[in-house]
file entry25.txt (compact mmCIF, C-alpha atoms)
# COMPACT_ATOMS: atom_id res chain seq x y z
CA MET C 1 42.24 41.64 -1.07
CA ILE C 2 43.18 38.19 0.15
CA SER C 3 46.20 36.21 -0.99
CA GLN C 4 45.01 32.66 -0.29
CA PHE C 5 41.88 30.80 0.70
CA PHE C 6 41.85 27.26 2.06
CA VAL C 7 39.64 24.87 4.01
CA LEU C 8 41.12 22.49 6.58
CA SER C 9 39.60 19.64 8.55
CA LEU C 10 40.08 19.59 12.33
CA ARG C 11 42.85 17.02 11.72
CA GLY C 12 44.73 19.53 9.57
CA ASP C 13 43.95 17.90 6.20
CA ASN C 14 43.95 20.39 3.34
CA ILE C 15 40.60 19.92 1.54
CA VAL C 16 40.41 23.08 -0.62
CA PHE C 17 43.27 25.43 -1.49
CA ARG C 18 43.33 28.43 -3.81
CA ASP C 19 46.32 30.79 -4.17
CA TYR C 20 45.22 34.09 -5.73
CA ARG C 21 48.31 36.32 -5.61
CA GLY C 22 51.39 34.18 -4.98
CA ASP C 23 52.84 36.48 -2.29
CA VAL C 24 52.34 34.06 0.64
CA PRO C 25 54.37 30.81 1.03
CA LYS C 26 52.68 27.60 -0.13
CA GLY C 27 53.16 26.03 3.31
CA SER C 28 50.89 28.59 4.95
CA ALA C 29 48.18 25.99 5.64
CA GLU C 30 50.55 23.88 7.74
CA ILE C 31 51.89 26.98 9.53
CA PHE C 32 48.34 28.05 10.33
CA PHE C 33 47.24 24.65 11.63
CA ARG C 34 50.29 24.23 13.88
CA LYS C 35 49.71 27.69 15.31
CA VAL C 36 46.03 26.99 16.01
CA LYS C 37 46.62 23.51 17.43
CA PHE C 38 49.43 24.54 19.76
CA TRP C 39 48.17 28.01 20.61
CA LYS C 40 49.95 29.36 23.69
CA GLY C 41 47.35 31.18 25.72
CA GLU C 42 45.58 30.63 28.98
CA GLU C 43 44.64 27.05 29.76
CA GLY C 44 41.87 25.89 27.46
CA GLU C 45 41.95 29.09 25.40
CA GLU C 46 41.51 28.68 21.66
CA ALA C 47 43.37 30.64 19.01
CA PRO C 48 41.73 33.98 18.13
CA PRO C 49 40.06 34.34 14.71
CA ILE C 50 42.85 36.66 13.54
CA PHE C 51 46.60 36.49 14.18
CA ASN C 52 49.89 37.31 12.44
CA VAL C 53 52.85 34.99 11.79
CA ASP C 54 55.98 36.27 10.01
CA GLY C 55 54.16 39.17 8.39
CA VAL C 56 51.20 37.08 7.16
CA ASN C 57 47.73 37.78 8.57
CA TYR C 58 45.66 34.63 9.12
CA MET C 59 41.89 35.02 9.49
CA HIS C 60 39.59 32.07 10.03
CA VAL C 61 36.12 30.94 11.04
CA LYS C 62 35.00 27.49 12.17
CA GLN C 63 31.94 26.07 10.41
CA ALA C 64 30.54 22.53 10.65
CA GLY C 65 33.82 21.09 11.91
CA LEU C 66 35.85 22.79 9.17
CA LEU C 67 38.28 25.72 9.26
CA PHE C 68 37.73 28.35 6.55
CA VAL C 69 40.92 30.41 6.31
CA ALA C 70 42.10 33.49 4.38
CA THR C 71 45.64 34.89 4.35
CA THR C 72 46.93 38.31 3.35
CA ARG C 73 50.00 40.50 3.76
CA VAL C 74 48.10 43.79 3.57
CA ASN C 75 46.12 45.57 6.27
CA LEU C 76 42.56 44.49 5.41
CA SER C 77 39.37 45.09 7.35
CA PRO C 78 39.12 42.00 9.59
CA ALA C 79 35.31 42.23 9.73
CA LEU C 80 35.14 42.20 5.92
CA VAL C 81 37.27 39.05 5.60
CA LEU C 82 35.45 37.18 8.40
CA GLU C 83 32.11 38.06 6.81
CA LEU C 84 33.45 36.86 3.43
CA LEU C 85 34.48 33.53 4.95
CA GLN C 86 31.05 33.12 6.56
CA ARG C 87 29.35 33.82 3.25
CA ILE C 88 31.58 31.40 1.35
CA ALA C 89 30.60 28.70 3.85
CA ARG C 90 26.92 29.60 3.47
CA VAL C 91 26.99 29.57 -0.35
CA THR C 92 28.86 26.25 -0.33
CA LYS C 93 26.22 24.76 1.97
CA ASP C 94 23.45 26.10 -0.29
CA TYR C 95 24.95 24.31 -3.29
CA LEU C 96 26.05 21.07 -1.62
CA GLY C 97 23.08 20.73 0.72
CA VAL C 98 25.26 19.66 3.61
CA LEU C 99 28.57 21.17 4.64
CA ASN C 100 31.14 18.63 5.81
CA GLU C 101 34.45 17.11 4.73
CA ASP C 102 32.84 14.31 2.73
CA SER C 103 30.62 16.64 0.69
CA LEU C 104 33.55 18.97 -0.10
CA ARG C 105 35.73 16.10 -1.32
CA LYS C 106 32.95 14.67 -3.51
CA ASN C 107 32.19 18.09 -5.01
CA PHE C 108 35.65 19.62 -5.31
CA VAL C 109 35.08 20.59 -8.98
CA LEU C 110 31.90 22.48 -8.05
CA VAL C 111 33.57 24.09 -5.03
CA TYR C 112 36.48 25.41 -7.11
CA GLU C 113 34.05 26.71 -9.73
CA LEU C 114 32.17 28.58 -6.98
CA LEU C 115 35.42 30.04 -5.64
CA ASP C 116 36.46 31.24 -9.10
CA GLU C 117 33.16 33.11 -9.44
CA MET C 118 33.10 34.50 -5.90
CA ILE C 119 36.72 35.75 -5.74
CA ASP C 120 38.85 37.15 -8.58
CA PHE C 121 42.56 37.77 -7.94
CA GLY C 122 41.79 38.04 -4.22
CA TYR C 123 38.92 40.52 -4.62
CA PRO C 124 35.37 39.43 -3.66
CA GLN C 125 32.93 39.59 -6.59
CA THR C 126 29.63 38.15 -5.38
CA THR C 127 28.42 35.85 -2.60
CA SER C 128 24.80 35.66 -3.71
CA THR C 129 23.51 32.14 -4.35
CA GLU C 130 20.89 33.63 -6.67
CA ALA C 131 23.47 35.49 -8.79
CA LEU C 132 25.87 32.53 -8.96
CA LYS C 133 23.24 30.29 -10.57
CA SER C 134 23.81 32.15 -13.84
CA PHE C 135 27.54 31.30 -13.88
CA VAL C 136 27.92 27.92 -12.14
CA PHE C 137 26.80 24.90 -14.15
CA ASN C 138 28.24 21.84 -12.36
CA GLU C 139 25.65 19.67 -10.61
CA PRO C 140 26.35 18.74 -6.98
CA VAL C 141 27.02 15.16 -5.94
CA VAL C 142 24.49 14.69 -3.16
CA VAL C 143 25.88 13.13 0.02
CA ASP C 144 23.67 10.36 1.40
CA ALA C 145 21.86 11.84 4.40
CA ALA C 146 21.79 8.40 6.06
CA ARG C 147 25.57 8.57 6.49
CA MET C 148 25.43 11.89 8.29
CA PRO C 149 25.66 12.09 12.08
CA SER C 150 22.35 12.65 13.82
CA LEU C 151 21.39 16.29 14.16
CA GLY C 152 19.59 15.54 17.42
CA PRO C 153 16.17 16.56 18.69
CA ALA C 154 16.91 20.24 18.08
CA ALA C 155 16.80 19.63 14.34
CA LEU C 156 13.07 19.07 14.07
CA PHE C 157 10.78 21.10 11.90
CA ILE C 158 7.20 21.30 12.99
CA GLN C 159 4.12 21.65 10.81
CA GLY C 160 1.02 21.18 12.90
CA SER C 161 1.38 17.78 14.53
CA HIS C 162 3.75 16.48 11.84
CA ARG C 163 7.46 16.22 12.39
CA LEU C 164 10.12 16.26 9.74
CA PRO C 165 13.73 15.32 10.52
CA GLY C 166 16.29 18.11 10.25
CA THR C 167 17.97 16.30 7.36
CA ALA C 168 15.13 17.60 5.19
CA VAL C 169 17.06 20.84 4.82
CA THR C 170 20.30 19.10 3.89
CA LYS C 171 19.42 19.54 0.25
CA SER C 172 21.05 21.56 -2.46
CA VAL C 173 19.12 24.56 -3.72
CA VAL C 174 20.14 23.65 -7.29
CA ALA C 175 19.81 19.84 -7.29
CA ASN C 176 16.54 18.15 -8.20
CA GLU C 177 14.85 15.29 -6.37
CA PRO C 178 15.09 11.76 -7.82
CA GLY C 179 12.97 11.66 -10.96
CA GLY C 180 13.94 15.19 -11.98
CA LYS C 181 11.28 16.94 -9.91
CA LYS C 182 11.96 19.62 -7.35
CA ARG C 183 10.09 19.39 -4.04
CA GLU C 184 8.36 22.70 -3.38
CA GLU C 185 8.97 23.76 0.22
CA VAL C 186 10.18 26.63 2.35
CA PHE C 187 11.80 26.51 5.80
CA VAL C 188 11.79 29.26 8.44
CA ASP C 189 13.95 29.20 11.59
CA ILE C 190 13.55 31.55 14.56
CA ILE C 191 16.92 31.24 16.29
CA GLU C 192 17.59 33.09 19.54
CA LYS C 193 20.87 33.29 21.43
CA ILE C 194 20.38 34.44 25.00
CA SER C 195 22.90 36.03 27.36
CA VAL C 196 22.09 36.27 31.07
CA THR C 197 24.24 37.10 34.10
CA PHE C 198 22.95 36.29 37.60
CA ASN C 199 24.47 37.63 40.80
CA SER C 200 25.24 35.41 43.77
CA SER C 201 21.73 35.95 45.16
CA GLY C 202 20.07 34.74 41.95
CA TYR C 203 18.93 38.13 40.68
CA ILE C 204 19.48 39.06 37.06
CA LEU C 205 22.19 41.65 36.43
CA THR C 206 22.09 41.71 32.63
CA SER C 207 20.02 39.92 30.01
CA GLU C 208 19.91 40.10 26.24
CA ILE C 209 18.49 38.17 23.30
CA ASP C 210 20.12 38.19 19.86
CA GLY C 211 17.63 36.70 17.43
CA THR C 212 17.36 36.02 13.74
CA ILE C 213 14.61 34.76 11.46
CA GLN C 214 16.28 32.58 8.82
CA MET C 215 14.65 31.35 5.63
CA LYS C 216 15.69 28.66 3.19
CA SER C 217 13.62 28.44 0.04
CA TYR C 218 13.26 25.55 -2.41
CA LEU C 219 10.43 27.23 -4.35
CA SER C 220 10.52 27.40 -8.12
CA GLY C 221 9.62 30.66 -9.81
CA ASN C 222 10.38 32.72 -6.69
CA PRO C 223 6.77 33.42 -5.59
CA GLU C 224 5.98 36.25 -3.21
CA ILE C 225 5.88 35.25 0.47
CA LYS C 226 4.18 37.02 3.38
CA VAL C 227 5.52 36.34 6.88
CA GLY C 228 3.22 37.46 9.68
CA LEU C 229 4.69 38.27 13.11
CA ASN C 230 3.06 39.16 16.45
CA ASP C 231 0.75 42.17 16.23
CA ASP C 232 2.05 43.44 19.58
CA ILE C 233 5.70 43.93 18.54
CA SER C 234 7.13 47.27 19.62
CA ILE C 235 10.52 48.43 18.34
CA GLY C 236 12.97 50.96 19.73
CA HIS C 237 11.82 51.20 23.35
CA ALA C 238 14.59 51.57 25.90
CA GLY C 239 14.78 49.12 28.77
CA SER C 240 13.23 50.08 32.09
CA GLY C 241 15.95 48.36 34.09
CA SER C 242 13.35 46.25 35.92
CA TYR C 243 13.69 42.50 35.78
CA GLU C 244 10.54 41.59 37.66
CA TYR C 245 8.81 39.47 35.06
CA GLY C 246 5.58 41.00 33.88
CA ALA C 247 6.20 44.27 35.75
CA GLY C 248 5.54 47.63 34.12
CA GLY C 249 3.32 48.63 31.24
CA GLY C 250 4.65 46.27 28.57
CA VAL C 251 2.86 43.14 29.80
CA GLY C 252 2.39 40.65 26.95
CA MET C 253 4.18 42.82 24.39
CA VAL C 254 7.30 41.84 22.45
CA LEU C 255 9.63 44.80 22.99
CA LEU C 256 12.60 44.86 20.62
CA ASP C 257 15.46 47.33 21.05
CA ASP C 258 16.32 47.34 17.36
CA CYS C 259 16.13 45.20 14.24
CA ASN C 260 17.21 45.11 10.60
CA PHE C 261 15.87 43.34 7.52
CA HIS C 262 17.18 41.58 4.43
CA GLU C 263 17.34 43.72 1.31
CA SER C 264 14.60 41.64 -0.35
CA VAL C 265 12.06 42.40 2.41
CA ARG C 266 9.37 45.01 1.70
CA LEU C 267 7.99 46.77 4.77
CA ASP C 268 4.84 48.25 3.21
CA ASP C 269 2.54 46.49 5.69
CA PHE C 270 4.94 46.12 8.61
CA GLU C 271 3.82 49.19 10.56
CA LEU C 272 0.17 48.30 9.96
CA ASP C 273 0.00 44.58 10.79
CA ARG C 274 3.62 43.40 11.31
CA THR C 275 3.74 41.53 8.00
CA LEU C 276 6.99 41.07 6.05
CA THR C 277 6.62 40.71 2.28
CA LEU C 278 9.45 39.32 0.17
CA ILE C 279 10.43 37.43 -2.94
CA PRO C 280 13.00 35.00 -1.50
CA PRO C 281 16.33 34.54 -3.27
CA ASP C 282 17.75 31.02 -3.52
CA GLY C 283 19.69 29.70 -0.58
CA GLU C 284 19.62 30.44 3.14
CA PHE C 285 19.39 34.04 4.28
CA PRO C 286 18.27 36.06 7.33
CA ILE C 287 14.90 37.78 6.85
CA MET C 288 15.27 39.76 10.05
CA ASN C 289 17.81 40.24 12.84
CA TYR C 290 16.70 41.65 16.17
CA ARG C 291 18.01 42.44 19.65
CA MET C 292 16.10 42.55 22.90
CA THR C 293 17.27 43.70 26.34
CA GLN C 294 13.81 43.93 27.90
CA GLU C 295 12.83 41.66 30.76
CA PHE C 296 12.23 38.02 29.89
CA LYS C 297 12.01 34.88 31.93
CA PRO C 298 15.27 32.93 31.69
CA PRO C 299 14.78 29.23 30.89
CA PHE C 300 16.97 27.96 33.74
CA LYS C 301 17.60 28.92 37.34
CA VAL C 302 20.70 27.55 39.06
CA TYR C 303 21.04 27.46 42.84
CA PRO C 304 24.69 26.84 43.82
CA VAL C 305 25.90 26.15 47.33
CA ILE C 306 29.66 26.16 47.94
CA GLU C 307 30.87 25.64 51.50
CA GLU C 308 33.79 24.35 53.51
CA ALA C 309 33.58 20.83 54.93
CA GLY C 310 36.88 20.73 56.83
CA PRO C 311 40.50 21.98 56.60
CA PHE C 312 41.13 20.15 53.32
CA LYS C 313 37.56 19.49 52.23
CA ALA C 314 34.83 21.44 50.47
CA GLU C 315 31.42 20.68 49.04
CA VAL C 316 29.62 22.00 45.96
CA VAL C 317 25.87 21.48 45.53
CA LEU C 318 24.24 22.48 42.23
CA LYS C 319 20.49 22.56 41.76
CA VAL C 320 19.06 23.30 38.28
CA ARG C 321 15.42 24.13 37.67
CA ALA C 322 13.89 24.26 34.17
CA ASP C 323 11.45 27.18 34.01
CA PHE C 324 9.67 26.33 30.77
CA PRO C 325 6.60 24.21 29.86
CA THR C 326 6.62 20.47 30.47
CA THR C 327 5.98 19.85 26.75
CA ILE C 328 9.48 21.18 25.93
CA THR C 329 12.79 19.39 26.43
CA ALA C 330 16.24 21.03 26.54
CA ASN C 331 19.17 19.15 25.05
CA MET C 332 22.83 18.90 26.01
CA VAL C 333 22.68 21.08 29.11
CA ILE C 334 26.23 21.50 30.40
CA LEU C 335 27.30 23.33 33.57
CA ARG C 336 30.94 24.20 34.19
CA VAL C 337 32.25 25.32 37.58
CA PRO C 338 35.86 26.53 38.02
CA LEU C 339 37.18 25.09 41.28
CA PRO C 340 40.00 26.23 43.61
CA LYS C 341 43.46 25.71 42.12
CA THR C 342 44.36 23.47 45.08
CA THR C 343 41.65 20.91 44.21
CA THR C 344 43.21 17.46 43.68
CA ARG C 345 40.20 15.14 43.63
CA VAL C 346 36.42 15.39 43.20
CA SER C 347 33.81 12.73 44.00
CA PHE C 348 30.31 13.10 42.59
CA ASP C 349 26.93 12.10 43.93
CA LEU C 350 24.05 12.25 41.42
CA GLU C 351 20.40 12.14 42.42
CA THR C 352 18.67 8.77 42.64
CA GLY C 353 17.43 7.52 39.29
CA ALA C 354 19.45 10.04 37.25
CA VAL C 355 19.45 9.07 33.56
CA GLY C 356 21.58 10.60 30.81
CA GLN C 357 23.75 12.58 33.22
CA THR C 358 27.56 12.54 33.27
CA THR C 359 30.12 14.28 35.48
CA ASP C 360 33.79 15.02 35.02
CA PHE C 361 36.65 16.84 36.73
CA LYS C 362 39.02 18.51 34.27
CA GLU C 363 42.16 18.38 36.36
CA ALA C 364 44.28 20.37 33.89
CA ASN C 365 42.24 23.55 34.34
CA LYS C 366 40.42 22.60 37.59
CA VAL C 367 36.88 22.68 36.20
CA LEU C 368 33.88 20.61 37.30
CA GLU C 369 31.63 19.63 34.39
CA TRP C 370 28.06 18.33 34.67
CA CYS C 371 26.26 17.27 31.51
CA CYS C 372 22.54 16.44 31.24
CA ARG C 373 21.57 15.08 27.85
CA LYS C 374 17.90 16.04 28.34
CA ILE C 375 16.04 18.21 30.83
CA VAL C 376 12.24 18.28 30.67
CA GLY C 377 10.48 21.56 31.43
CA GLY C 378 9.40 22.01 35.03
CA SER C 379 11.90 19.46 36.37
CA GLU C 380 14.71 19.92 38.90
CA HIS C 381 18.06 18.15 39.07
CA THR C 382 20.72 18.17 41.77
CA LEU C 383 24.43 17.34 41.84
CA ARG C 384 26.58 17.06 44.94
CA ALA C 385 30.38 17.16 44.59
CA LYS C 386 32.92 16.66 47.37
CA LEU C 387 36.30 18.32 46.85
CA THR C 388 39.66 17.28 48.26
CA LEU C 389 42.19 20.12 48.52
CA SER C 390 45.98 19.87 48.64
CA GLN C 391 46.41 22.67 51.17
CA GLU C 392 44.43 24.59 53.74
CA ARG C 393 42.51 27.59 52.47
CA THR C 394 43.52 31.13 53.38
CA VAL C 395 40.50 32.86 51.80
CA ASN C 396 36.78 32.15 51.51
CA ILE C 397 36.26 29.25 49.10
CA LYS C 398 33.48 31.16 47.31
CA LYS C 399 36.10 33.62 46.08
CA GLU C 400 38.13 30.79 44.56
CA ALA C 401 35.27 28.91 42.90
CA GLY C 402 33.04 30.03 40.04
CA PRO C 403 31.50 31.75 38.22
CA ILE C 404 29.29 28.97 36.82
CA SER C 405 28.72 28.92 33.06
CA MET C 406 25.97 27.03 31.26
CA THR C 407 25.35 25.92 27.68
CA PHE C 408 22.17 24.42 26.26
CA THR C 409 19.87 24.05 23.26
CA ILE C 410 16.08 24.25 23.60
CA PRO C 411 14.08 23.33 20.47
CA MET C 412 10.59 24.75 19.92
CA TYR C 413 11.07 27.44 22.57
CA ASN C 414 11.83 31.15 22.35
CA ALA C 415 12.28 33.46 25.30
CA SER C 416 11.28 36.67 23.49
CA ARG C 417 7.79 35.38 22.61
CA LEU C 418 8.26 36.55 19.01
CA GLN C 419 6.34 34.20 16.74
CA VAL C 420 5.62 33.58 13.09
CA LYS C 421 1.82 33.71 13.00
CA PHE C 422 1.46 32.75 9.34
CA LEU C 423 3.49 31.99 6.22
CA GLN C 424 1.51 32.79 3.09
CA LEU C 425 2.52 32.24 -0.53
CA VAL C 426 0.99 34.00 -3.49
CA LYS C 427 -0.45 31.03 -5.37
CA LYS C 428 0.32 30.56 -9.05
CA SER C 429 -2.64 28.19 -9.35
CA LYS C 430 -5.23 26.51 -7.16
CA SER C 431 -3.20 23.31 -7.02
CA TYR C 432 0.01 25.08 -5.93
CA ASN C 433 0.45 24.33 -2.23
CA PRO C 434 4.12 23.96 -1.24
CA HIS C 435 5.19 22.61 2.15
CA ARG C 436 5.91 25.22 4.81
CA TRP C 437 7.99 24.44 7.89
CA VAL C 438 8.69 26.62 10.96
CA ARG C 439 10.88 25.84 13.95
CA TYR C 440 12.07 27.72 17.04
CA VAL C 441 15.46 27.13 18.65
CA THR C 442 16.95 28.85 21.70
CA LEU C 443 20.69 28.61 22.30
CA SER C 444 22.86 29.84 25.16
CA ASN C 445 25.31 32.56 24.23
CA SER C 446 26.64 33.59 27.64
CA TYR C 447 24.72 32.16 30.60
CA VAL C 448 26.67 32.94 33.77
CA ILE C 449 25.84 32.48 37.44
CA ARG C 450 28.13 34.22 39.91
CA THR C 451 28.91 32.49 43.19

call {"tool": "encode", "arguments": {"input": "entry25.txt", "output": "structure tokens"}}
result
Amino acid sequence: MISQFFVLSLRGDNIVFRDYRGDVPKGSAEIFFRKVKFWKGEEGEEAPPIFNVDGVNYMHVKQAGLLFVATTRVNLSPALVLELLQRIARVTKDYLGVLNEDSLRKNFVLVYELLDEMIDFGYPQTTSTEALKSFVFNEPVVVDAARMPSLGPAALFIQGSHRLPGTAVTKSVVANEPGGKKREEVFVDIIEKISVTFNSSGYILTSEIDGTIQMKSYLSGNPEIKVGLNDDISIGHAGSGSYEYGAGGGVGMVLLDDCNFHESVRLDDFELDRTLTLIPPDGEFPIMNYRMTQEFKPPFKVYPVIEEAGPFKAEVVLKVRADFPTTITANMVILRVPLPKTTTRVSFDLETGAVGQTTDFKEANKVLEWCCRKIVGGSEHTLRAKLTLSQERTVNIKKEAGPISMTFTIPMYNASRLQVKFLQLVKKSKSYNPHRWVRYVTLSNSYVIRT
């Protein structure tokens, strides 16, 4: 059971606050924010999701630039509370269409009504958007999508050759379109987070894909949906330990280590033709979660060269190659390289004609940062950095620099090759033909290159 629930902006403004049990001081929100803002850890380290101050346990998650926080004095399951906070954020987004500070302030009556139905005296009751529709009657105040910040190229849904901006899914599942009509459409996301570790020679040490197939339905009457996946999916096969792409007997197959499905999914035809059948509940939910540790081709290769250039000088050369098709573009590719603690100054030399690239030296924690706003598949980019050191080195500079970490987003690309082959709806009538949208997004989870 939780004692309090509140939502803070990143400035510390209290947007939503509900005290369920009265056993935690009213100033807990300010105590929490000060602790998070001035967290005393290693340089650059953020506050952990769970910590204790004066006998009060604070648990929080960060969603869409907001802090969702629960407090309690009892010894609760941390995983339960963090999952509850995630689900509160998801239900709120389902009802408001877009989750940000402006939408919460404009819909505070609806938000408090949702909280009263989801949590009673600190005990969770339900976090199902479908179930809450029977108890929540306030209509959301829709935030103008034109005032929202751009979601970037990653937020594009594809249907054939047509493109629909990502703001198309910033709609409430309960609000109607202007004119009182509800636009019939369903959205499917295949989101993959990849983790890869390379050794200093460029060979892969570990690799893993955590994927999810998300669905958001705006269909009236909850029709039955069939989602067809690759016929060549194999589940439960242990990894061979070989990372030579295409080696072994599983060429062309999608080999998943394990997976799980939403409770609404029926698996009658899954073993036969890899088809998932479901009647989608309202709101956003994961149809399927899967994990893959089999060999796959990583989207980026990084070739670092770190060498001494004199008693107080050193040079770092980074070369990035995009190993995906030329029709695909990665966004916001950022490389971070920890430098020797004695580094005092860094001068950068970008390649000729470089566009949309920025460099920075974070002197506080001695980190080199290289940001490329866009990288087209098949291209290569190089950065040369010259370091000035405050004292002569006593050990090999390679031991003091690195490892290199990398973050990126690649829309319409997935490393596992898992695909949605078709999205069929059981038609109520011949004229019933709702819009269907599918997108693929690959994100970096932990992409590390050792030096």

call {"tool": "closest_residue", "arguments": {"input": "entry25.txt", "among": "C:Glu185, C:Glu263, C:Glu307, C:Asp54", "to": "C:Lys398", "atoms": "all atoms listed in the file"}}
result
C:Glu307

call {"tool": "atom_distance", "arguments": {"input": "entry25.txt", "atom1": "atom CA of C:Leu80", "atom2": "atom CA of C:Gln63"}}
result
17.0 Å

call {"tool": "residues_around", "arguments": {"input": "entry25.txt", "residues": "C:Val91", "least_positions_apart": "4", "cutoff": "9 Å", "atoms": "only C-alpha atoms", "output": "list in words"}}
result
Gln86, Arg87, Tyr95, Leu96, Leu114, Thr127, Ser128, Thr129, Gly283 and Glu284 of chain C

call {"tool": "closest_residue", "arguments": {"input": "entry25.txt", "among": "C:Ile375, C:Met288, C:Val441, C:Val346", "to": "C:Phe324", "atoms": "only C-alpha atoms"}}
result
C:Ile375

call {"tool": "atom_distance", "arguments": {"input": "entry25.txt", "atom1": "atom CA of C:Lys374", "atom2": "atom CA of C:Leu350"}}
result
14.9 Å

call {"tool": "residues_around", "arguments": {"input": "entry25.txt", "residues": "C:Arg34", "least_positions_apart": "6", "cutoff": "12 Å", "atoms": "all atoms listed in the file", "output": "PDB file with C-alpha atoms, keeping the file's coordinate frame"}}
result
ATOM      1  CA  LEU C   8      41.120  22.490   6.580  1.00  0.00           C
ATOM      2  CA  LEU C  10      40.080  19.590  12.330  1.00  0.00           C
ATOM      3  CA  ARG C  11      42.850  17.020  11.720  1.00  0.00           C
ATOM      4  CA  GLY C  12      44.730  19.530   9.570  1.00  0.00           C
ATOM      5  CA  ASP C  13      43.950  17.900   6.200  1.00  0.00           C
ATOM      6  CA  GLY C  27      53.160  26.030   3.310  1.00  0.00           C
ATOM      7  CA  SER C  28      50.890  28.590   4.950  1.00  0.00           C
ATOM      8  CA  LYS C  40      49.950  29.360  23.690  1.00  0.00           C
ATOM      9  CA  ALA C  47      43.370  30.640  19.010  1.00  0.00           C
ATOM     10  CA  VAL C  53      52.850  34.990  11.790  1.00  0.00           C
TER      11      VAL C  53
END

call {"tool": "closest_residue", "arguments": {"input": "entry25.txt", "among": "C:Leu368, C:Ala314, C:Val16, C:Val98", "to": "C:Glu113", "atoms": "only C-alpha atoms"}}
result
C:Val16

call {"tool": "atom_distance", "arguments": {"input": "entry25.txt", "atom1": "atom CA of C:Glu295", "atom2": "atom CA of C:Arg417"}}
result
11.5 Å

call {"tool": "residues_around", "arguments": {"input": "entry25.txt", "residues": "C:Phe312", "least_positions_apart": "2", "cutoff": "7 Å", "atoms": "only C-alpha atoms", "output": "list in words"}}
result
Gly310, Thr388, Leu389, Ser390, Gln391 and Glu392 of chain C

call {"tool": "residues_around", "arguments": {"input": "entry25.txt", "residues": "C:Val69", "least_positions_apart": "3", "cutoff": "8 Å", "atoms": "all atoms listed in the file", "output": "list in words"}}
result
Phe5, Phe6, Val7, Leu8, Tyr58, Met59, His60, Val61 and Leu85 of chain C

call {"tool": "write_last_selection", "arguments": {"input": "entry25.txt", "atoms": "C-alpha atoms", "output": "tab-separated table (two decimals), keeping the file's coordinate frame"}}
result
chain	number	residue	atom	x	y	z
C	5	PHE	CA	41.88	30.80	0.70
C	6	PHE	CA	41.85	27.26	2.06
C	7	VAL	CA	39.64	24.87	4.01
C	8	LEU	CA	41.12	22.49	6.58
C	58	TYR	CA	45.66	34.63	9.12
C	59	MET	CA	41.89	35.02	9.49
C	60	HIS	CA	39.59	32.07	10.03
C	61	VAL	CA	36.12	30.94	11.04
C	85	LEU	CA	34.48	33.53	4.95

call {"tool": "closest_residue", "arguments": {"input": "entry25.txt", "among": "C:Val337, C:Val109, C:Leu383, C:Ile191", "to": "C:Arg439", "atoms": "all atoms listed in the file"}}
result
C:Ile191

call {"tool": "closest_residue", "arguments": {"input": "entry25.txt", "among": "C:Ala79, C:Ala364, C:Ile328, C:Met215", "to": "C:Asp94", "atoms": "only C-alpha atoms"}}
result
C:Met215

call {"tool": "decode", "arguments": {"input": "entry25.txt", "residues": "stretch 332-342 of chain C", "atoms": "N, CA and C atoms", "output": "CSV table (one decimal), in the first residue's frame"}}
result
chain,number,residue,atom,x,y,z
C,332,MET,N,19.7,11.2,-34.1
C,332,MET,CA,20.3,11.6,-32.9
C,332,MET,C,21.3,10.5,-32.4
C,333,VAL,N,22.3,10.3,-33.2
C,333,VAL,CA,23.4,9.3,-32.9
C,333,VAL,C,24.4,10.1,-32.0
C,334,ILE,N,24.6,9.6,-30.8
C,334,ILE,CA,25.6,10.3,-29.9
C,334,ILE,C,26.6,9.3,-29.4
C,335,LEU,N,27.9,9.7,-29.5
C,335,LEU,CA,29.0,8.9,-29.0
C,335,LEU,C,29.6,9.6,-27.8
C,336,ARG,N,29.9,8.9,-26.8
C,336,ARG,CA,30.5,9.5,-25.6
C,336,ARG,C,31.8,8.7,-25.3
C,337,VAL,N,32.9,9.4,-25.1
C,337,VAL,CA,34.2,8.8,-24.8
C,337,VAL,C,34.8,9.3,-23.5
C,338,PRO,N,34.8,8.6,-22.4
C,338,PRO,CA,35.5,9.1,-21.2
C,338,PRO,C,37.0,9.2,-21.6
C,339,LEU,N,37.6,10.4,-21.2
C,339,LEU,CA,39.0,10.7,-21.5
C,339,LEU,C,39.8,10.6,-20.2
C,340,PRO,N,41.1,10.7,-20.3
C,340,PRO,CA,42.0,10.6,-19.1
C,340,PRO,C,41.6,11.8,-18.1
C,341,LYS,N,41.7,11.6,-16.8
C,341,LYS,CA,41.4,12.6,-15.9
C,341,LYS,C,42.3,13.8,-15.9
C,342,THR,N,43.4,13.7,-16.6
C,342,THR,CA,44.3,14.8,-16.7
C,342,THR,C,44.1,15.7,-17.9
